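Data block below; observations after.
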Protein chains: 4
Amino acid sequence: MIRVTIWNENRHEKRNPKVTAIYPEGIHGAIKQGLEAYGFDARTATLDEPEHGLTDEVLSSTDVLVWWGHLAHGDVSDEIVNKVHERVLAGMGLIVLHSGHFSKIFKKLMGTTCDLKWREANDKERLWVVNHSHPIMEGIGEYVEIDAEEMYGEPFDIPAPDELLMVSWFSGGEIFRSAVTYRRGLGKIFYFRPGHETYPTYHNAQVIRIIANGVKWTAPALHDARKFGNAKALEAGVE
Amino acid sequence: MIRVTIWNENRHEKRNPKVTAIYPEGIHGAIKQGLEAYGFDARTATLDEPEHGLTDEVLSSTDVLVWWGHLAHGDVSDEIVNKVHERVLAGMGLIVLHSGHFSKIFKKLMGTTCDLKWREANDKERLWVVNHSHPIMEGIGEYVEIDAEEMYGEPFDIPAPDELLMVSWFSGGEIFRSAVTYRRGLGKIFYFRPGHETYPTYHNAQVIRIIANGVKWTAPALHDARKFGNAKALEAGVE
Amino acid sequence: MIRVTIWNENRHEKRNPKVTAIYPEGIHGAIKQGLEAYGFDARTATLDEPEHGLTDEVLSSTDVLVWWGHLAHGDVSDEIVNKVHERVLAGMGLIVLHSGHFSKIFKKLMGTTCDLKWREANDKERLWVVNHSHPIMEGIGEYVEIDAEEMYGEPFDIPAPDELLMVSWFSGGEIFRSAVTYRRGLGKIFYFRPGHETYPTYHNAQVIRIIANGVKWTAPALHDARKFGNAKALEAGVE
Amino acid sequence: MIRVTIWNENRHEKRNPKVTAIYPEGIHGAIKQGLEAYGFDARTATLDEPEHGLTDEVLSSTDVLVWWGHLAHGDVSDEIVNKVHERVLAGMGLIVLHSGHFSKIFKKLMGTTCDLKWREANDKERLWVVNHSHPIMEGIGEYVEIDAEEMYGEPFDIPAPDELLMVSWFSGGEIFRSAVTYRRGLGKIFYFRPGHETYPTYHNAQVIRIIANGVKWTAPALHDARKFGNAKALEAGVE
């Protein structure tokens, strides 16, 4: 059973009644409930817990980490970010959602600014599948439509993705690379765009399906066969 | 005329007579001489200069930065690394040579450990071209052969390259992805493997040709049309 | 001076007065005029000429071939397609425009159906740049806007592009990977979406600029260093 | 249960006693036996059967097709090749082995010559893993060593792979991209180099493990959500 930890900064939920009304259990709670229906062993962790809820014990028993942050990226300690980074490179899956594009961990893994264009204006978003045979797109159909969402537009300052899965159309006139994958070290990374806190996006069954598919795809393989460092020659005559 | 700055930590040259004998003007001096023959405006910078020779004035007037480091990656200040990082994302080309795989700037841009396998044992290296139409491979032929070099072997813990140009064969039995390119932000990055300090690799005309081709390829385009941040809708009806 | 041959099936121009009015010299004539302003040595070839205007002499003296076809893909002889295919693999650049997605030569190079979604309905098209440091995007800005065009939508049944340069937004609600590059053999290929025959798209200066940039990018390198077939061992002891 | 059909031209086995001695049940028989141990539903088909054993019924009930051919690529009928091509684009997995690089089906899917360098001379081959988190590499370790094999060397005239999994080292001095993946249409394709008929390569447990992993990875997803062709606007105001 894949062990998923859903991390959320959980600040909007405490401050903004509109967000609390949509996510009474927090964004993390909504995602947890959604993923449990797929049979994952899900738990949550939030910014204001000790060590942000990401103790060594939690990290070492997490197969896939889901990350949602927005207001408080700067409050996440570098020490924890370094531990998460190390775990991803060692094989832990990482799913970065929406405004997590500006999280320390995503920027550290990408090496770029991860900046983008944005607008809070009730755009309609339609996410088109462009890689239909990818397991993360299983059961999704041609596109996912979300009646109202924050707009994210290009340029999106990320490395060229290893795989581009979806591109968003916004009614205001923009497009965005919305579902992209990367491999870094032994870890698999999936960035998925939707999920502004003032919309009920994580109650959308297709959005949860994509995250669940992402959990399966990013889940780690079992061991590390790599050997780094000084190495003797495998052939004779080299010393 | 493309303005190239060749950065070298320049420590081996001061300590190891064998290295001094091979590179009396330093590794940076040998590369500078080699690149000048291609008509570039080349200068050098070294670790022990103030600000490691990479002042704001130098960085802002550099089109392509060539980087060689080995012993003293930890002595490079984070402040300078951050400035170089920012310049690369803004379009400055970066060529990372040999043991620069472990430099702070390369690891920061890649997001991975950049670790690898190695051996100092007079291996023969043969770098095979696998992307013959790429401009960096222009005039190189089928392969480059180097009689004796340090071995670098897989696993090489880097992101999957945007483009794989050469793969090395070593007489001791290993292979290595030796010439790889990346785009990060507006910057183009070229990692090129050969160049251990105890071998006369940067006196090899083909090696210099590849670095010169790399300078042309990584040289920046002229301006930045990207607009990040809050954006009004381009279509009516979205507010 | 780069030698460009612009190939056009030139059928709509003869049959449809609306098209003739927009392109009195044919689509090929408009593109030729546009490219000549960039200093290329441009000529044209059309379907109804002997050998479709693509004799051995023409092909062997062409650096970059631009291809526009729509109604009459089936009328292009397999023999000529095979010759073009061979020339592309040997290094000739190929720019495939708009409905050329269904041409024999593009399908042969891609290995897929190249099918897509389409609508003739005066959609507005906005092509967003997603790879700002690529030479084909030089001087283009953030996006190109075309007031009215035929819509092409995903799924677009092509291999994952080597490089994705632009994604189109259409007012009817679709997106499309509009500017993509591939390397095949020694040849570079650029597919660029806009250009339905009933719109004056090839009179648009930005569209021509992109095609001109594409000509420079797809232009061949000078020679072929590859050696195929039986090969003696480079190391002793293998016979 | 994944249904695998192993296709073999089965000519060397009939003509060359050395091959018969190594593969008394044919290369297809050895692979079938190897894959059955992984729990797949495996069957075989050979060139000299009616329709080369690839009837509509067989193709439509095949999840993954494994292909070995060498002497007789030209004897495979274009009609059957077209049917296999159509099935791959519709989602059937395809694993192309060794000299299958020159098969009609592989060349048709790649769009290139698929030519390479070769030598029959008892080279030692060592296949190094360069993508350790890929499911096809599961359980393989750092490398696979084969005491004697035919050499295949670069240049290998294929499109840049979607994923590069292994690179071979040969004792004669060459390297080769030995395990590569592609997506074409809904189909997943895995090319895997080893397997010359005069060596017992398909009795090697690691080689079989990689092919078995490849079967799992190339196995098709369940349905096709793509809609091609004419499409009405999804947004109002476009007609």
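Just remember, in the structure tokens the first chain shown is A, the second B, etc., residues are 1-based per chain, and ligands are 1-based in the order shown.
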Please return, as an MDAnalysis selection string, all residues of chain A lying within 9 Å of chain B when only C-alpha atoms are considered. chainID A and resid 85:86 89 107:124 153:160 162 171:174 182:186 226:239
Selection: 8 Å around Pro135 in chain B, only C-alpha atoms, excl. self and same-chain fewer than 6 positions, as a ChimeraX atom specification: /B:213,217 /C:221
Residues as selected, C-alpha atoms, written as a JSON list (two decimals), in the first residue's frame, can you do that?
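Result saved to again.json:
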```json
[["chain", "number", "residue", "atom", "x", "y", "z"],
["B", 213, "ASN", "CA", 31.38, 25.50, -30.75],
["B", 217, "TRP", "CA", 25.77, 27.75, -29.12],
["C", 221, "ALA", "CA", 25.57, 21.74, -41.43]]
```
May I have the residues within 9 Å of range 21-23 of chain C as a ChimeraX atom specification, using only C-alpha atoms and disregarding those fewer than 6 positions away in the same chain? /C:13,29-30,197-200,202-203
Give me the residues near range 64-79 of chain C as an NGL selection string, where near means some atom within 9 Å (using only C-alpha atoms) and where sequence neighbours in that chain fewer than 2 positions away do not count. :C and (2-12 or 27-28 or 47 or 51-52 or 59 or 62 or 81-84 or 88 or 92-104 or 195 or 211 or 215-216 or 218-220)
Selection from above, N, CA and C atoms, as a compact mmCIF listing (two decimals), in the first residue's frame, can you write it?
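File produced: selection.txt:
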```
# COMPACT_ATOMS: atom_id res chain seq x y z
N ILE C 2 21.61 31.01 -47.86
CA ILE C 2 20.79 29.80 -47.74
C ILE C 2 19.81 29.71 -48.91
N ARG C 3 19.76 28.54 -49.55
CA ARG C 3 18.89 28.33 -50.71
C ARG C 3 17.59 27.63 -50.27
N VAL C 4 16.49 28.36 -50.38
CA VAL C 4 15.20 27.86 -49.94
C VAL C 4 14.32 27.55 -51.15
N THR C 5 13.69 26.39 -51.13
CA THR C 5 12.67 26.08 -52.14
C THR C 5 11.33 25.99 -51.43
N ILE C 6 10.37 26.80 -51.89
CA ILE C 6 9.03 26.79 -51.29
C ILE C 6 8.12 25.97 -52.19
N TRP C 7 7.65 24.85 -51.66
CA TRP C 7 6.79 23.97 -52.43
C TRP C 7 5.33 24.20 -52.02
N ASN C 8 4.47 24.28 -53.03
CA ASN C 8 3.05 24.49 -52.76
C ASN C 8 2.25 23.64 -53.73
N GLU C 9 1.16 23.03 -53.24
CA GLU C 9 0.35 22.26 -54.20
C GLU C 9 -0.37 23.20 -55.16
N ASN C 10 -0.63 24.43 -54.73
CA ASN C 10 -1.13 25.47 -55.64
C ASN C 10 -2.44 25.08 -56.34
N ARG C 11 -3.34 24.48 -55.62
CA ARG C 11 -4.63 24.11 -56.20
C ARG C 11 -5.73 25.07 -55.78
N HIS C 12 -5.78 25.37 -54.47
CA HIS C 12 -6.81 26.33 -54.02
C HIS C 12 -6.71 27.63 -54.80
N ILE C 27 0.26 30.98 -52.52
CA ILE C 27 0.85 30.94 -51.18
C ILE C 27 2.37 30.90 -51.28
N HIS C 28 2.87 30.12 -52.24
CA HIS C 28 4.33 30.02 -52.42
C HIS C 28 4.93 31.37 -52.79
N LEU C 47 3.04 21.49 -57.40
CA LEU C 47 2.61 20.12 -57.69
C LEU C 47 2.53 19.81 -59.18
N GLU C 51 7.70 16.40 -62.26
CA GLU C 51 8.32 15.92 -61.00
C GLU C 51 7.95 16.84 -59.84
N HIS C 52 6.78 17.47 -59.93
CA HIS C 52 6.31 18.42 -58.90
C HIS C 52 7.31 19.55 -58.67
N LEU C 59 16.40 19.46 -55.83
CA LEU C 59 16.59 18.95 -54.46
C LEU C 59 18.05 19.04 -54.01
N THR C 62 18.97 22.52 -52.83
CA THR C 62 18.07 23.13 -51.84
C THR C 62 18.62 22.89 -50.44
N VAL C 81 8.38 11.72 -52.90
CA VAL C 81 8.39 11.72 -51.43
C VAL C 81 9.62 10.98 -50.91
N ASN C 82 9.93 9.86 -51.53
CA ASN C 82 11.11 9.11 -51.09
C ASN C 82 12.39 9.89 -51.28
N LYS C 83 12.46 10.64 -52.40
CA LYS C 83 13.66 11.46 -52.63
C LYS C 83 13.77 12.59 -51.60
N VAL C 84 12.64 13.21 -51.29
CA VAL C 84 12.67 14.28 -50.28
C VAL C 84 13.07 13.70 -48.93
N VAL C 88 16.17 14.86 -46.62
CA VAL C 88 16.05 15.35 -45.24
C VAL C 88 16.98 14.55 -44.34
N MET C 92 19.08 18.07 -45.45
CA MET C 92 18.27 19.20 -45.92
C MET C 92 17.23 19.59 -44.86
N GLY C 93 17.09 20.88 -44.59
CA GLY C 93 16.07 21.34 -43.65
C GLY C 93 14.68 21.20 -44.24
N LEU C 94 13.66 21.00 -43.38
CA LEU C 94 12.29 20.88 -43.85
C LEU C 94 11.37 21.68 -42.93
N ILE C 95 10.60 22.59 -43.52
CA ILE C 95 9.60 23.35 -42.76
C ILE C 95 8.23 22.96 -43.29
N VAL C 96 7.43 22.35 -42.45
CA VAL C 96 6.10 21.91 -42.84
C VAL C 96 5.09 22.88 -42.26
N LEU C 97 4.23 23.41 -43.16
CA LEU C 97 3.29 24.44 -42.74
C LEU C 97 1.87 23.89 -42.70
N HIS C 98 1.12 24.29 -41.66
CA HIS C 98 -0.32 24.11 -41.57
C HIS C 98 -0.81 22.73 -42.01
N SER C 99 -1.62 22.68 -43.07
CA SER C 99 -2.25 21.43 -43.48
C SER C 99 -1.23 20.42 -44.04
N GLY C 100 0.01 20.84 -44.15
CA GLY C 100 1.09 19.92 -44.48
C GLY C 100 1.26 18.84 -43.41
N HIS C 101 0.59 18.99 -42.28
CA HIS C 101 0.65 17.94 -41.24
C HIS C 101 0.21 16.59 -41.78
N PHE C 102 -0.64 16.61 -42.83
CA PHE C 102 -1.14 15.36 -43.42
C PHE C 102 -0.40 14.98 -44.70
N SER C 103 0.69 15.70 -45.00
CA SER C 103 1.44 15.36 -46.22
C SER C 103 2.14 14.02 -46.04
N LYS C 104 2.39 13.36 -47.18
CA LYS C 104 3.10 12.08 -47.14
C LYS C 104 4.48 12.23 -46.48
N GLY C 195 -1.80 29.18 -41.25
CA GLY C 195 -1.72 29.34 -42.69
C GLY C 195 -2.83 28.72 -43.51
N ILE C 211 8.99 31.86 -39.86
CA ILE C 211 9.43 30.97 -40.94
C ILE C 211 10.88 31.27 -41.32
N VAL C 215 14.05 28.88 -41.22
CA VAL C 215 14.98 28.58 -42.31
C VAL C 215 16.41 28.57 -41.78
N LYS C 216 16.75 29.58 -40.99
CA LYS C 216 18.13 29.63 -40.45
C LYS C 216 18.40 28.42 -39.57
N THR C 218 16.91 25.40 -39.52
CA THR C 218 16.91 24.08 -40.18
C THR C 218 18.00 23.93 -41.24
N ALA C 219 18.66 25.04 -41.58
CA ALA C 219 19.70 24.97 -42.62
C ALA C 219 20.76 23.95 -42.22
N PRO C 220 21.23 23.19 -43.21
CA PRO C 220 22.10 22.05 -42.88
C PRO C 220 23.51 22.46 -42.49
```
May I ask for the distance between CA of His196 in chain B and CA of Thr181 in chain B, given in Å to one decimal place?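 Distance reported for this atom pair: 20.4 Å.
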What lies within 12 Å of Pro50 in chain A using only C-alpha atoms, ignoring chain neighbours under 4 positions off, as a PyMOL selection string? chain A and resi 45-46+54-56+58+76-77+80
Among range 192-222 of chain A, which ones does DSSP place in helix (DSSP H, G or I), written as an NGL selection string? :A and (201-203 or 205-218)
Between CA of Arg15 in chain A and CA of Glu49 in chain A, measure the distance and give it in Å to one decimal.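 Distance reported for this atom pair: 17.0 Å.
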Work out how far CA of Lys14 in chain A is from CA of Ala205 in chain A, in Å to one decimal.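 Spanning CA of Ala205 in chain A to CA of Lys14 in chain A is a straight-line distance of 24.8 Å.
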Residues at most 7 Å from Arg177 in chain D, counting only C-alpha atoms, excluding those fewer than 4 positions away in the same chain, as a PDB file with all heavy atoms, in the first residue's frame?
```pdb
ATOM      1  N   MET D 166      19.784   2.542 -21.286  1.00  0.00           N
ATOM      2  CA  MET D 166      21.080   1.868 -21.176  1.00  0.00           C
ATOM      3  C   MET D 166      21.982   2.281 -22.330  1.00  0.00           C
ATOM      4  O   MET D 166      21.503   2.547 -23.436  1.00  0.00           O
ATOM      5  CB  MET D 166      20.908   0.336 -21.232  1.00  0.00           C
ATOM      6  CG  MET D 166      19.992  -0.229 -20.182  1.00  0.00           C
ATOM      7  SD  MET D 166      19.891  -2.067 -20.224  1.00  0.00           S
ATOM      8  CE  MET D 166      21.039  -2.496 -18.915  1.00  0.00           C
ATOM      9  N   VAL D 167      23.300   2.286 -22.046  1.00  0.00           N
ATOM     10  CA  VAL D 167      24.306   2.520 -23.070  1.00  0.00           C
ATOM     11  C   VAL D 167      25.303   1.375 -22.986  1.00  0.00           C
ATOM     12  O   VAL D 167      25.813   1.069 -21.908  1.00  0.00           O
ATOM     13  CB  VAL D 167      25.024   3.866 -22.866  1.00  0.00           C
ATOM     14  CG1 VAL D 167      26.164   4.024 -23.880  1.00  0.00           C
ATOM     15  CG2 VAL D 167      24.048   5.040 -22.981  1.00  0.00           C
ATOM     16  N   SER D 168      25.592   0.751 -24.128  1.00  0.00           N
ATOM     17  CA  SER D 168      26.530  -0.378 -24.158  1.00  0.00           C
ATOM     18  C   SER D 168      27.965   0.081 -24.357  1.00  0.00           C
ATOM     19  O   SER D 168      28.241   0.973 -25.158  1.00  0.00           O
ATOM     20  CB  SER D 168      26.192  -1.339 -25.304  1.00  0.00           C
ATOM     21  OG  SER D 168      25.055  -2.095 -25.005  1.00  0.00           O
TER      22      SER D 168
END
```
Strand (DSSP E or B) residues, from DSSP on the backbone, in range 38-136 of chain B, as a ChimeraX atom specification: /B:41-46,64-68,93-97,117-129
